[in-house]
>>> print(open('protein_37.cif').read())   # mmCIF, C-alpha atoms
data_start
#
loop_
_atom_site.group_PDB
_atom_site.id
_atom_site.type_symbol
_atom_site.label_atom_id
_atom_site.label_comp_id
_atom_site.auth_asym_id
_atom_site.auth_seq_id
_atom_site.Cartn_x
_atom_site.Cartn_y
_atom_site.Cartn_z
ATOM 1 C CA MET A 268 85.852 95.322 101.307
ATOM 2 C CA GLN A 269 87.728 92.085 101.505
ATOM 3 C CA GLU A 270 90.841 93.179 103.351
ATOM 4 C CA ILE A 271 91.343 95.018 106.622
ATOM 5 C CA SER A 272 94.027 97.095 104.900
ATOM 6 C CA LEU A 273 91.330 98.534 102.608
ATOM 7 C CA ASN A 274 89.366 99.634 105.656
ATOM 8 C CA ILE A 275 92.505 101.344 106.899
ATOM 9 C CA LEU A 276 92.845 103.127 103.543
ATOM 10 C CA ASP A 277 89.225 104.197 103.850
ATOM 11 C CA ILE A 278 89.391 105.344 107.476
ATOM 12 C CA VAL A 279 92.515 107.407 106.765
ATOM 13 C CA GLN A 280 90.546 109.289 104.080
ATOM 14 C CA ASN A 281 88.503 110.747 106.960
ATOM 15 C CA SER A 282 91.707 112.105 108.488
ATOM 16 C CA ILE A 283 92.745 113.561 105.142
ATOM 17 C CA ARG A 284 89.389 115.266 104.769
ATOM 18 C CA ALA A 285 89.747 116.572 108.323
ATOM 19 C CA GLU A 286 92.876 118.336 107.040
ATOM 20 C CA ALA A 287 95.313 116.446 109.226
ATOM 21 C CA THR A 288 99.002 117.136 108.676
ATOM 22 C CA LEU A 289 100.199 114.130 110.684
ATOM 23 C CA ILE A 290 98.511 110.733 110.548
ATOM 24 C CA GLU A 291 99.626 107.715 112.539
ATOM 25 C CA VAL A 292 98.690 104.206 111.491
ATOM 26 C CA ILE A 293 99.425 101.538 114.093
ATOM 27 C CA ILE A 294 98.883 97.851 113.412
ATOM 28 C CA GLU A 295 99.264 95.299 116.172
ATOM 29 C CA GLU A 296 99.228 91.591 115.482
ATOM 30 C CA ALA A 297 99.809 88.979 118.172
ATOM 31 C CA PRO A 298 98.352 85.541 117.560
ATOM 32 C CA SER A 299 99.584 84.458 121.018
ATOM 33 C CA LEU A 300 97.241 87.030 122.586
ATOM 34 C CA ASP A 301 94.501 86.605 119.976
ATOM 35 C CA LEU A 302 95.103 90.281 119.212
ATOM 36 C CA PHE A 303 94.611 92.031 115.919
ATOM 37 C CA ALA A 304 94.098 95.768 116.095
ATOM 38 C CA PHE A 305 94.691 98.902 114.145
ATOM 39 C CA THR A 306 94.620 102.506 115.236
ATOM 40 C CA VAL A 307 94.440 105.637 113.107
ATOM 41 C CA LYS A 308 95.368 108.806 114.925
ATOM 42 C CA ASP A 309 95.290 112.251 113.342
ATOM 43 C CA ASN A 310 95.709 115.909 114.197
ATOM 44 C CA GLY A 311 92.803 116.955 111.992
ATOM 45 C CA CYS A 312 89.857 119.180 112.832
ATOM 46 C CA GLY A 313 88.202 116.622 115.130
ATOM 47 C CA MET A 314 84.514 116.153 115.905
ATOM 48 C CA ASP A 315 82.267 117.263 118.729
ATOM 49 C CA GLU A 316 80.705 114.720 121.106
ATOM 50 C CA GLU A 317 77.427 114.760 119.264
ATOM 51 C CA MET A 318 79.080 113.822 115.961
ATOM 52 C CA VAL A 319 81.203 111.105 117.597
ATOM 53 C CA LYS A 320 77.992 109.459 118.799
ATOM 54 C CA ARG A 321 76.287 109.682 115.442
ATOM 55 C CA VAL A 322 79.152 108.845 113.136
ATOM 56 C CA THR A 323 78.661 105.063 113.178
ATOM 57 C CA ASP A 324 75.213 105.595 111.703
ATOM 58 C CA PRO A 325 75.509 105.003 107.940
ATOM 59 C CA PHE A 326 73.022 107.769 107.292
ATOM 60 C CA VAL A 327 75.316 110.352 108.791
ATOM 61 C CA THR A 328 77.904 112.055 106.629
ATOM 62 C CA THR A 329 79.393 115.489 106.188
ATOM 63 C CA ARG A 330 79.795 115.038 102.478
ATOM 64 C CA THR A 331 77.544 116.713 99.962
ATOM 65 C CA THR A 332 77.965 114.418 96.950
ATOM 66 C CA ARG A 333 75.737 111.711 98.449
ATOM 67 C CA LYS A 334 73.593 111.204 101.523
ATOM 68 C CA VAL A 335 75.243 108.153 103.082
ATOM 69 C CA GLY A 336 78.640 107.714 104.720
ATOM 70 C CA LEU A 337 79.602 104.083 105.044
ATOM 71 C CA GLY A 338 83.215 103.951 106.171
ATOM 72 C CA ILE A 339 82.977 103.874 109.947
ATOM 73 C CA SER A 340 79.713 101.935 110.126
ATOM 74 C CA LEU A 341 81.190 99.307 107.807
ATOM 75 C CA LEU A 342 84.302 98.983 109.953
ATOM 76 C CA LYS A 343 82.231 98.692 113.109
ATOM 77 C CA SER A 344 80.196 95.802 111.775
ATOM 78 C CA LEU A 345 83.309 94.029 110.459
ATOM 79 C CA ALA A 346 85.021 94.333 113.848
ATOM 80 C CA GLN A 347 81.926 93.127 115.701
ATOM 81 C CA GLN A 348 81.532 90.180 113.347
ATOM 82 C CA ALA A 349 85.076 89.128 114.241
ATOM 83 C CA GLY A 350 84.762 89.286 118.026
ATOM 84 C CA GLY A 351 85.891 92.891 118.369
ATOM 85 C CA ASP A 352 84.658 96.467 118.278
ATOM 86 C CA ILE A 353 85.738 99.982 117.472
ATOM 87 C CA LYS A 354 86.554 102.842 119.784
ATOM 88 C CA LEU A 355 86.429 106.450 118.706
ATOM 89 C CA GLU A 356 87.747 109.473 120.538
ATOM 90 C CA SER A 357 87.810 112.962 119.158
ATOM 91 C CA GLN A 358 88.245 116.522 120.219
ATOM 92 C CA VAL A 359 87.480 119.560 118.112
ATOM 93 C CA GLY A 360 90.700 121.302 117.111
ATOM 94 C CA VAL A 361 92.894 118.511 118.456
ATOM 95 C CA GLY A 362 92.232 115.436 116.360
ATOM 96 C CA THR A 363 90.688 111.999 116.264
ATOM 97 C CA VAL A 364 91.754 108.510 117.316
ATOM 98 C CA ILE A 365 89.936 105.465 116.027
ATOM 99 C CA ARG A 366 90.871 101.957 117.071
ATOM 100 C CA ALA A 367 89.450 98.739 115.687
ATOM 101 C CA ASP A 368 89.957 95.465 117.525
ATOM 102 C CA PHE A 369 89.432 92.013 116.102
ATOM 103 C CA SER A 370 89.953 88.557 117.506
ATOM 104 C CA TYR A 371 93.056 87.358 115.634
ATOM 105 C CA GLY A 372 91.865 83.780 115.276
ATOM 106 C CA HIS A 373 88.199 84.527 114.588
ATOM 107 C CA ILE A 374 87.028 82.735 111.476
ATOM 108 C CA ASP A 375 85.268 85.868 110.250
ATOM 109 C CA ARG A 376 88.245 88.140 110.705
ATOM 110 C CA GLN A 377 89.326 89.323 107.298
ATOM 111 C CA PRO A 378 92.963 89.029 106.315
ATOM 112 C CA LEU A 379 95.090 92.155 106.621
ATOM 113 C CA GLY A 380 95.775 92.121 102.880
ATOM 114 C CA ASP A 381 98.239 94.303 101.026
ATOM 115 C CA ILE A 382 99.039 96.940 103.638
ATOM 116 C CA SER A 383 102.203 97.921 101.820
ATOM 117 C CA ALA A 384 100.189 98.994 98.748
ATOM 118 C CA VAL A 385 97.834 100.902 101.037
ATOM 119 C CA MET A 386 100.639 102.835 102.717
ATOM 120 C CA VAL A 387 102.242 103.601 99.351
ATOM 121 C CA SER A 388 98.904 104.914 98.035
ATOM 122 C CA LEU A 389 98.442 107.113 101.076
ATOM 123 C CA ILE A 390 101.979 108.484 101.153
ATOM 124 C CA SER A 391 102.422 109.061 97.426
ATOM 125 C CA MET A 392 98.978 110.521 96.801
ATOM 126 C CA ASN A 393 99.136 112.847 99.804
ATOM 127 C CA PRO A 394 102.737 113.980 99.602
ATOM 128 C CA THR A 395 102.306 116.958 101.918
ATOM 129 C CA ILE A 396 100.884 114.916 104.806
ATOM 130 C CA ASP A 397 103.233 113.144 107.213
ATOM 131 C CA PHE A 398 102.572 109.523 108.041
ATOM 132 C CA VAL A 399 103.955 107.405 110.849
ATOM 133 C CA TYR A 400 103.276 103.750 110.190
ATOM 134 C CA THR A 401 104.040 101.338 112.997
ATOM 135 C CA HIS A 402 103.458 97.635 112.553
ATOM 136 C CA SER A 403 104.142 94.989 115.132
ATOM 137 C CA PHE A 404 103.896 91.228 114.976
ATOM 138 C CA GLU A 405 104.305 89.602 118.404
ATOM 139 C CA LYS A 406 107.512 91.216 119.717
ATOM 140 C CA GLU A 407 108.876 92.388 116.364
ATOM 141 C CA GLN A 408 108.205 95.928 115.234
ATOM 142 C CA PHE A 409 108.738 98.066 112.160
ATOM 143 C CA GLN A 410 108.198 101.801 111.828
ATOM 144 C CA LEU A 411 108.209 104.109 108.849
ATOM 145 C CA ASP A 412 108.118 107.830 109.548
ATOM 146 C CA THR A 413 107.816 109.981 106.427
ATOM 147 C CA ARG A 414 109.418 112.867 108.323
ATOM 148 C CA GLU A 415 112.641 110.818 108.371
ATOM 149 C CA LEU A 416 112.379 110.183 104.620
ATOM 150 C CA ARG A 417 111.662 113.858 104.033
ATOM 151 C CA LYS A 418 114.967 114.740 105.703
ATOM 152 C CA VAL A 419 116.755 112.670 103.050
ATOM 153 C CA LEU A 420 114.652 113.806 100.107
ATOM 154 C CA GLY A 421 114.545 117.500 100.930
ATOM 155 C CA ASP A 422 111.875 119.882 99.681
ATOM 156 C CA GLU A 423 112.473 119.413 95.964
ATOM 157 C CA VAL A 424 111.656 115.710 95.720
ATOM 158 C CA SER A 425 108.069 114.718 96.406
ATOM 159 C CA PHE A 426 106.692 111.375 97.618
ATOM 160 C CA SER A 427 104.534 111.468 94.497
ATOM 161 C CA GLU A 428 107.590 110.788 92.326
ATOM 162 C CA ILE A 429 107.052 107.331 90.843
ATOM 163 C CA SER A 430 110.561 106.126 91.729
ATOM 164 C CA VAL A 431 110.222 107.303 95.342
ATOM 165 C CA ALA A 432 106.802 105.668 95.749
ATOM 166 C CA THR A 433 108.126 102.424 94.272
ATOM 167 C CA TRP A 434 111.052 102.430 96.685
ATOM 168 C CA ILE A 435 108.751 103.018 99.686
ATOM 169 C CA GLY A 436 106.633 100.026 98.638
ATOM 170 C CA GLU A 437 109.663 97.751 98.393
ATOM 171 C CA PHE A 438 111.043 99.063 101.682
ATOM 172 C CA ILE A 439 107.801 98.304 103.522
ATOM 173 C CA THR A 440 107.400 94.864 101.970
ATOM 174 C CA GLU A 441 110.938 93.856 102.951
ATOM 175 C CA ASN A 442 110.536 95.053 106.501
ATOM 176 C CA LEU A 443 107.198 93.305 106.916
ATOM 177 C CA THR A 444 108.731 90.053 105.726
ATOM 178 C CA GLU A 445 111.325 90.619 108.431
ATOM 179 C CA ILE A 446 108.859 91.140 111.296
ATOM 180 C CA TYR A 447 106.835 88.144 110.146
ATOM 181 C CA GLY A 448 110.004 86.095 110.640
ATOM 182 C CA GLY A 449 110.845 85.652 106.965
ATOM 183 C CA ALA A 450 107.372 84.519 105.882
ATOM 184 C CA LYS A 451 105.367 86.536 103.389
ATOM 185 C CA MET B 226 117.898 94.757 102.849
ATOM 186 C CA LYS B 227 116.889 98.211 101.643
ATOM 187 C CA SER B 228 118.251 101.169 103.524
ATOM 188 C CA ILE B 229 117.180 104.782 103.674
ATOM 189 C CA ALA B 230 120.576 105.649 102.177
ATOM 190 C CA GLU B 231 119.307 104.319 98.845
ATOM 191 C CA LEU B 232 116.872 107.206 98.803
ATOM 192 C CA GLU B 233 119.820 109.552 98.299
ATOM 193 C CA ALA B 234 120.557 107.944 94.936
ATOM 194 C CA ILE B 235 116.871 108.103 93.955
ATOM 195 C CA LYS B 236 116.758 111.754 94.954
ATOM 196 C CA LYS B 237 119.692 112.560 92.694
ATOM 197 C CA LYS B 238 118.106 110.777 89.751
ATOM 198 C CA VAL B 239 114.768 112.502 90.330
ATOM 199 C CA LEU B 240 116.410 115.920 90.521
ATOM 200 C CA ASP B 241 118.154 115.315 87.189
ATOM 201 C CA ASN B 242 114.787 114.380 85.728
ATOM 202 C CA VAL B 243 113.047 117.372 87.276
ATOM 203 C CA ASN B 244 115.469 119.701 85.534
ATOM 204 C CA LEU B 245 114.800 118.015 82.212
ATOM 205 C CA ARG B 246 111.090 118.138 82.838
ATOM 206 C CA GLN B 247 110.961 121.852 83.518
ATOM 207 C CA GLU B 248 112.592 122.467 80.172
ATOM 208 C CA ARG B 249 110.023 120.246 78.514
ATOM 209 C CA GLU B 250 106.475 120.648 79.721
ATOM 210 C CA GLU B 251 103.946 120.186 82.482
ATOM 211 C CA GLY B 252 103.293 116.544 83.433
ATOM 212 C CA VAL B 253 100.318 114.216 83.125
ATOM 213 C CA ARG B 254 98.010 113.897 86.138
ATOM 214 C CA VAL B 255 96.233 110.641 86.892
ATOM 215 C CA VAL B 256 93.525 111.132 89.541
ATOM 216 C CA VAL B 257 92.064 108.065 91.260
ATOM 217 C CA GLY B 258 88.799 108.165 93.267
ATOM 218 C CA MET B 259 89.611 106.995 96.806
ATOM 219 C CA ALA B 260 86.378 107.294 98.776
ATOM 220 C CA THR B 261 84.658 104.272 100.363
ATOM 221 C CA CYS B 262 82.890 103.538 97.064
ATOM 222 C CA GLY B 263 86.100 103.653 95.029
ATOM 223 C CA ILE B 264 88.130 101.614 97.495
ATOM 224 C CA ALA B 265 85.425 98.947 97.813
ATOM 225 C CA ALA B 266 85.207 98.699 94.021
ATOM 226 C CA GLY B 267 88.957 98.155 93.674
ATOM 227 C CA ALA B 268 90.680 101.539 93.414
ATOM 228 C CA ARG B 269 93.805 100.439 95.243
ATOM 229 C CA PRO B 270 94.923 97.762 92.744
ATOM 230 C CA VAL B 271 94.205 100.269 89.959
ATOM 231 C CA MET B 272 96.406 102.876 91.617
ATOM 232 C CA THR B 273 99.128 100.273 92.196
ATOM 233 C CA ALA B 274 98.929 99.219 88.539
ATOM 234 C CA PHE B 275 99.430 102.838 87.378
ATOM 235 C CA LEU B 276 102.419 103.139 89.672
ATOM 236 C CA GLU B 277 103.944 99.876 88.409
ATOM 237 C CA GLU B 278 103.283 100.661 84.766
ATOM 238 C CA ALA B 279 104.719 104.173 85.032
ATOM 239 C CA ASN B 280 107.751 102.795 86.847
ATOM 240 C CA LYS B 281 108.263 100.048 84.249
ATOM 241 C CA ARG B 282 108.181 102.591 81.435
ATOM 242 C CA ASN B 283 110.251 105.088 83.388
ATOM 243 C CA LEU B 284 107.629 107.813 82.955
ATOM 244 C CA SER B 285 108.920 110.523 85.222
ATOM 245 C CA ASN B 286 106.400 113.141 84.082
ATOM 246 C CA VAL B 287 103.341 111.329 85.512
ATOM 247 C CA VAL B 288 101.837 112.176 88.887
ATOM 248 C CA ILE B 289 99.193 109.972 90.527
ATOM 249 C CA GLU B 290 96.783 111.811 92.792
ATOM 250 C CA GLN B 291 93.623 110.956 94.684
ATOM 251 C CA THR B 292 90.220 112.501 95.011
ATOM 252 C CA GLY B 293 87.077 111.751 97.001
ATOM 253 C CA CYS B 294 83.657 110.595 95.860
ATOM 254 C CA ILE B 295 82.429 112.465 92.814
ATOM 255 C CA GLY B 296 78.910 111.037 93.018
ATOM 256 C CA MET B 297 79.027 108.265 90.417
ATOM 257 C CA CYS B 298 79.635 105.438 92.891
ATOM 258 C CA ALA B 299 78.166 102.757 90.597
ATOM 259 C CA LEU B 300 80.856 103.491 88.021
ATOM 260 C CA GLU B 301 83.817 103.227 90.406
ATOM 261 C CA PRO B 302 86.755 102.729 90.273
ATOM 262 C CA ILE B 303 86.973 106.024 88.385
ATOM 263 C CA VAL B 304 90.214 107.477 87.043
ATOM 264 C CA GLU B 305 90.590 110.906 85.468
ATOM 265 C CA VAL B 306 93.531 111.579 83.190
ATOM 266 C CA TYR B 307 94.653 115.164 82.641
ATOM 267 C CA VAL B 308 97.063 115.674 79.775
ATOM 268 C CA PRO B 309 98.248 119.303 79.577
ATOM 269 C CA GLY B 310 96.465 121.214 76.840
ATOM 270 C CA LYS B 311 93.857 118.457 76.348
ATOM 271 C CA GLU B 312 90.407 117.911 77.766
ATOM 272 C CA LYS B 313 90.110 115.697 80.858
ATOM 273 C CA VAL B 314 89.297 112.040 80.112
ATOM 274 C CA THR B 315 87.246 110.061 82.668
ATOM 275 C CA TYR B 316 87.670 106.287 82.735
ATOM 276 C CA VAL B 317 85.084 104.237 84.634
ATOM 277 C CA LYS B 318 84.774 100.700 86.051
ATOM 278 C CA MET B 319 88.539 100.519 86.013
ATOM 279 C CA THR B 320 90.544 97.371 86.606
ATOM 280 C CA ALA B 321 94.270 96.792 86.914
ATOM 281 C CA GLU B 322 94.100 95.021 83.516
ATOM 282 C CA LYS B 323 92.848 98.152 81.746
ATOM 283 C CA VAL B 324 95.713 100.256 83.088
ATOM 284 C CA ALA B 325 98.456 99.069 80.703
ATOM 285 C CA LYS B 326 96.411 100.058 77.643
ATOM 286 C CA ILE B 327 95.596 103.489 79.061
ATOM 287 C CA VAL B 328 99.248 104.107 79.868
ATOM 288 C CA SER B 329 100.519 103.020 76.440
ATOM 289 C CA ASP B 330 97.734 104.426 74.233
ATOM 290 C CA HIS B 331 96.726 107.558 76.125
ATOM 291 C CA ILE B 332 99.559 108.705 78.361
ATOM 292 C CA VAL B 333 102.433 107.715 76.079
ATOM 293 C CA ASN B 334 100.839 108.063 72.635
ATOM 294 C CA GLY B 335 98.122 110.650 73.280
ATOM 295 C CA ALA B 336 95.125 108.613 72.089
ATOM 296 C CA PRO B 337 92.458 108.124 74.797
ATOM 297 C CA VAL B 338 91.020 104.594 75.105
ATOM 298 C CA VAL B 339 87.451 105.507 74.142
ATOM 299 C CA GLU B 340 85.842 102.177 75.051
ATOM 300 C CA TYR B 341 86.833 102.566 78.737
ATOM 301 C CA THR B 342 85.539 106.133 79.114
ATOM 302 C CA VAL B 343 82.400 107.342 80.870
ATOM 303 C CA GLY B 344 81.060 108.447 77.492
ATOM 304 C CA ALA B 345 81.076 104.849 76.228
ATOM 305 C CA GLN B 346 78.812 103.752 79.126
ATOM 306 C CA LYS B 347 75.249 102.859 78.158
#
>>> encode(input="protein_37.cif", output="structure tokens")
Amino acid sequence: MQEISLNILDIVQNSIRAEATLIEVIIEEAPSLDLFAFTVKDNGCGMDEEMVKRVTDPFVTTRTTRKVGLGISLLKSLAQQAGGDIKLESQVGVGTVIRADFSYGHIDRQPLGDISAVMVSLISMNPTIDFVYTHSFEKEQFQLDTRELRKVLGDEVSFSEISVATWIGEFITENLTEIYGGAK
Amino acid sequence: MKSIAELEAIKKKVLDNVNLRQEREEGVRVVVGMATCGIAAGARPVMTAFLEEANKRNLSNVVIEQTGCIGMCALEPIVEVYVPGKEKVTYVKMTAEKVAKIVSDHIVNGAPVVEYTVGAQK
């Protein structure tokens, strides 16, 4: 994967499979602190301690369609290559928090990539799950909470509607331009 | 700057469409594989292309969904198209470029693009 945003898309799939109903995606960027981190927090089924220890092993997976599970092990090596690491906390019945840290200025840190497209994919393809997406750049911050959007849209209009998904994408892109200080 | 208030207008438009749709028929489902294999192979730009193409053509009866790994990782990105009353069509090794043809030939005009399907794979 060539973008950190694609890793976020991938990691969130774990939360979806864990049957989470609320998923938080937090992205923190601060070049002045050499900080680049993302956190995915869910209220899914969680994992026991044993599984938390084993989950970074690519030969561990709960799936049945194939014998390897690459997502978390891939993310771990990417973070470590870029002067960072991942941290995983989970509790059965409560949920899971995974945080990946990178050194912002590290030459091997991948670019964030198209995070707006990632959030649109997640929200529109999982219209019954709530997402809270918080993105900060230095002191600027933007947050999108699908529960707020749901209040406007009501029960009849789904996030999977093409026109709604398109609007969410444009809304995110505009707000990101804003927190980046006008730059794309 | 976009505001959440704009969503109100979109909601109204969608609801008008929904009413029309119920009188017509069930919609088309486009299912994109979104496991690690699919994402790494480029599923996200494919999904985005479907969204853009459907929006451009104002296709309000199309729903884009996701699924996990179906076990054919080497053929990802995989997209399944379900047209009501027809057999499912599975497209493999998808790219954003292939999307426009699938939308116009298959989803709009009902003729699957055979050369992109799993059956055309050697």
>>> closest_residue(input="protein_37.cif", among="A:Ile353, A:Met314, A:Val322, A:Leu337", to="chain B", atoms="all atoms listed in the file")
A:Leu337
>>> resolve_selection(input="protein_37.cif", expression="the PyMOL selection byres ((chain A) within 10 of (chain B))", output="PyMOL selection string")
chain A and resi 268-270+273-274+276-278+280-281+284+330-333+336-339+341+381+384-385+387-389+391-394+415-417+419-421+423-425+427-439+441-442+445
>>> closest_residue(input="protein_37.cif", among="A:Phe326, A:Ile293, A:Leu411, A:Ala346", to="Ser370 in chain A", atoms="all atoms listed in the file")
A:Ala346
>>> resolve_selection(input="protein_37.cif", expression="the PyMOL selection byres ((chain B and resi 311) around 12)", output="ChimeraX atom specification")
/B:251-254,306-310,312-314,331-332,335-337
>>> resolve_selection(input="protein_37.cif", expression="the PyMOL selection byres ((chain A and resi 349) around 12)", output="JSON, numbers by chain")
{"A": [271, 301, 302, 303, 304, 342, 343, 344, 345, 346, 347, 348, 350, 351, 352, 353, 367, 368, 369, 370, 371, 372, 373, 374, 375, 376, 377, 378]}
>>> closest_residue(input="protein_37.cif", among="B:Arg282, B:Lys326, B:Glu301, B:Val317", to="Gly344 in chain B", atoms="all atoms listed in the file")
B:Val317
>>> closest_residue(input="protein_37.cif", among="A:Asp422, A:Glu317, A:Glu296, A:Glu286", to="Gln408 in chain A", atoms="all atoms listed in the file")
A:Glu296
>>> atom_distance(input="protein_37.cif", atom1="CA of Ile396 in chain A", atom2="CA of Tyr447 in chain A")
27.9 Å
>>> atom_distance(input="protein_37.cif", atom1="CA of Leu443 in chain A", atom2="CA of Ser403 in chain A")
8.9 Å
>>> axis_aligned_box(input="protein_37.cif", around="range 407-414 of chain A", padding_each_side="6 Å", output="AutoDock Vina command-line options")
--center_x 108.6 --center_y 102.6 --center_z 111.4 --size_x 13.6 --size_y 32.5 --size_z 21.9
>>> closest_residue(input="protein_37.cif", among="B:Asn244, B:Ala299, B:Val271, B:Gln346", to="Ile327 in chain B", atoms="only C-alpha atoms")
B:Val271
>>> atom_distance(input="protein_37.cif", atom1="CA of Phe404 in chain A", atom2="CA of Leu300 in chain A")
10.9 Å
>>> residues_around(input="protein_37.cif", residues="Ile290 in chain A", least_positions_apart="6", cutoff="8 Å", atoms="only C-alpha atoms", output="PDB file with C-alpha atoms, in the coordinates of the input")
ATOM      1  CA  VAL A 279      92.515 107.407 106.765  1.00  0.00           C
ATOM      2  CA  SER A 282      91.707 112.105 108.488  1.00  0.00           C
ATOM      3  CA  VAL A 307      94.440 105.637 113.107  1.00  0.00           C
ATOM      4  CA  LYS A 308      95.368 108.806 114.925  1.00  0.00           C
ATOM      5  CA  ASP A 309      95.290 112.251 113.342  1.00  0.00           C
ATOM      6  CA  ASN A 310      95.709 115.909 114.197  1.00  0.00           C
ATOM      7  CA  ILE A 396     100.884 114.916 104.806  1.00  0.00           C
ATOM      8  CA  ASP A 397     103.233 113.144 107.213  1.00  0.00           C
ATOM      9  CA  PHE A 398     102.572 109.523 108.041  1.00  0.00           C
ATOM     10  CA  VAL A 399     103.955 107.405 110.849  1.00  0.00           C
TER      11      VAL A 399
END
>>> decode(input="protein_37.cif", residues="range 314-329 of chain A", atoms="N, CA and C atoms", output="JSON list (two decimals), in the first residue's frame")
[["chain", "number", "residue", "atom", "x", "y", "z"],
["A", 314, "MET", "N", -10.69, -8.17, 21.56],
["A", 314, "MET", "CA", -9.88, -9.39, 21.52],
["A", 314, "MET", "C", -9.35, -9.68, 22.91],
["A", 315, "ASP", "N", -9.08, -10.95, 23.19],
["A", 315, "ASP", "CA", -8.47, -11.25, 24.49],
["A", 315, "ASP", "C", -6.96, -10.98, 24.40],
["A", 316, "GLU", "N", -6.30, -11.00, 25.56],
["A", 316, "GLU", "CA", -4.88, -10.65, 25.64],
["A", 316, "GLU", "C", -4.02, -11.51, 24.72],
["A", 317, "GLU", "N", -4.36, -12.78, 24.69],
["A", 317, "GLU", "CA", -3.62, -13.72, 23.87],
["A", 317, "GLU", "C", -3.63, -13.31, 22.39],
["A", 318, "MET", "N", -4.82, -12.94, 21.91],
["A", 318, "MET", "CA", -4.98, -12.55, 20.51],
["A", 318, "MET", "C", -4.26, -11.22, 20.24],
["A", 319, "VAL", "N", -4.32, -10.29, 21.19],
["A", 319, "VAL", "CA", -3.64, -9.01, 21.02],
["A", 319, "VAL", "C", -2.15, -9.24, 20.79],
["A", 320, "LYS", "N", -1.59, -10.20, 21.54],
["A", 320, "LYS", "CA", -0.16, -10.49, 21.39],
["A", 320, "LYS", "C", 0.16, -11.11, 20.04],
["A", 321, "ARG", "N", -0.76, -11.92, 19.54],
["A", 321, "ARG", "CA", -0.45, -12.68, 18.34],
["A", 321, "ARG", "C", -0.84, -11.99, 17.04],
["A", 322, "VAL", "N", -1.61, -10.90, 17.17],
["A", 322, "VAL", "CA", -2.25, -10.37, 15.97],
["A", 322, "VAL", "C", -1.29, -9.70, 14.98],
["A", 323, "THR", "N", -0.09, -9.30, 15.46],
["A", 323, "THR", "CA", 0.86, -8.71, 14.52],
["A", 323, "THR", "C", 1.62, -9.78, 13.73],
["A", 324, "ASP", "N", 1.37, -11.01, 14.04],
["A", 324, "ASP", "CA", 1.97, -12.11, 13.28],
["A", 324, "ASP", "C", 1.13, -12.31, 12.00],
["A", 325, "PRO", "N", 1.78, -12.20, 10.83],
["A", 325, "PRO", "CA", 0.99, -12.32, 9.59],
["A", 325, "PRO", "C", 0.31, -13.68, 9.41],
["A", 326, "PHE", "N", 0.76, -14.66, 10.18],
["A", 326, "PHE", "CA", 0.15, -15.98, 10.00],
["A", 326, "PHE", "C", -1.00, -16.21, 10.98],
["A", 327, "VAL", "N", -1.45, -15.11, 11.57],
["A", 327, "VAL", "CA", -2.60, -15.20, 12.45],
["A", 327, "VAL", "C", -3.77, -14.46, 11.81],
["A", 328, "THR", "N", -4.89, -15.11, 11.71],
["A", 328, "THR", "CA", -6.09, -14.46, 11.20],
["A", 328, "THR", "C", -7.30, -15.21, 11.71],
["A", 329, "THR", "N", -8.43, -14.50, 11.76],
["A", 329, "THR", "CA", -9.65, -15.20, 12.17],
["A", 329, "THR", "C", -10.47, -15.58, 10.96]]
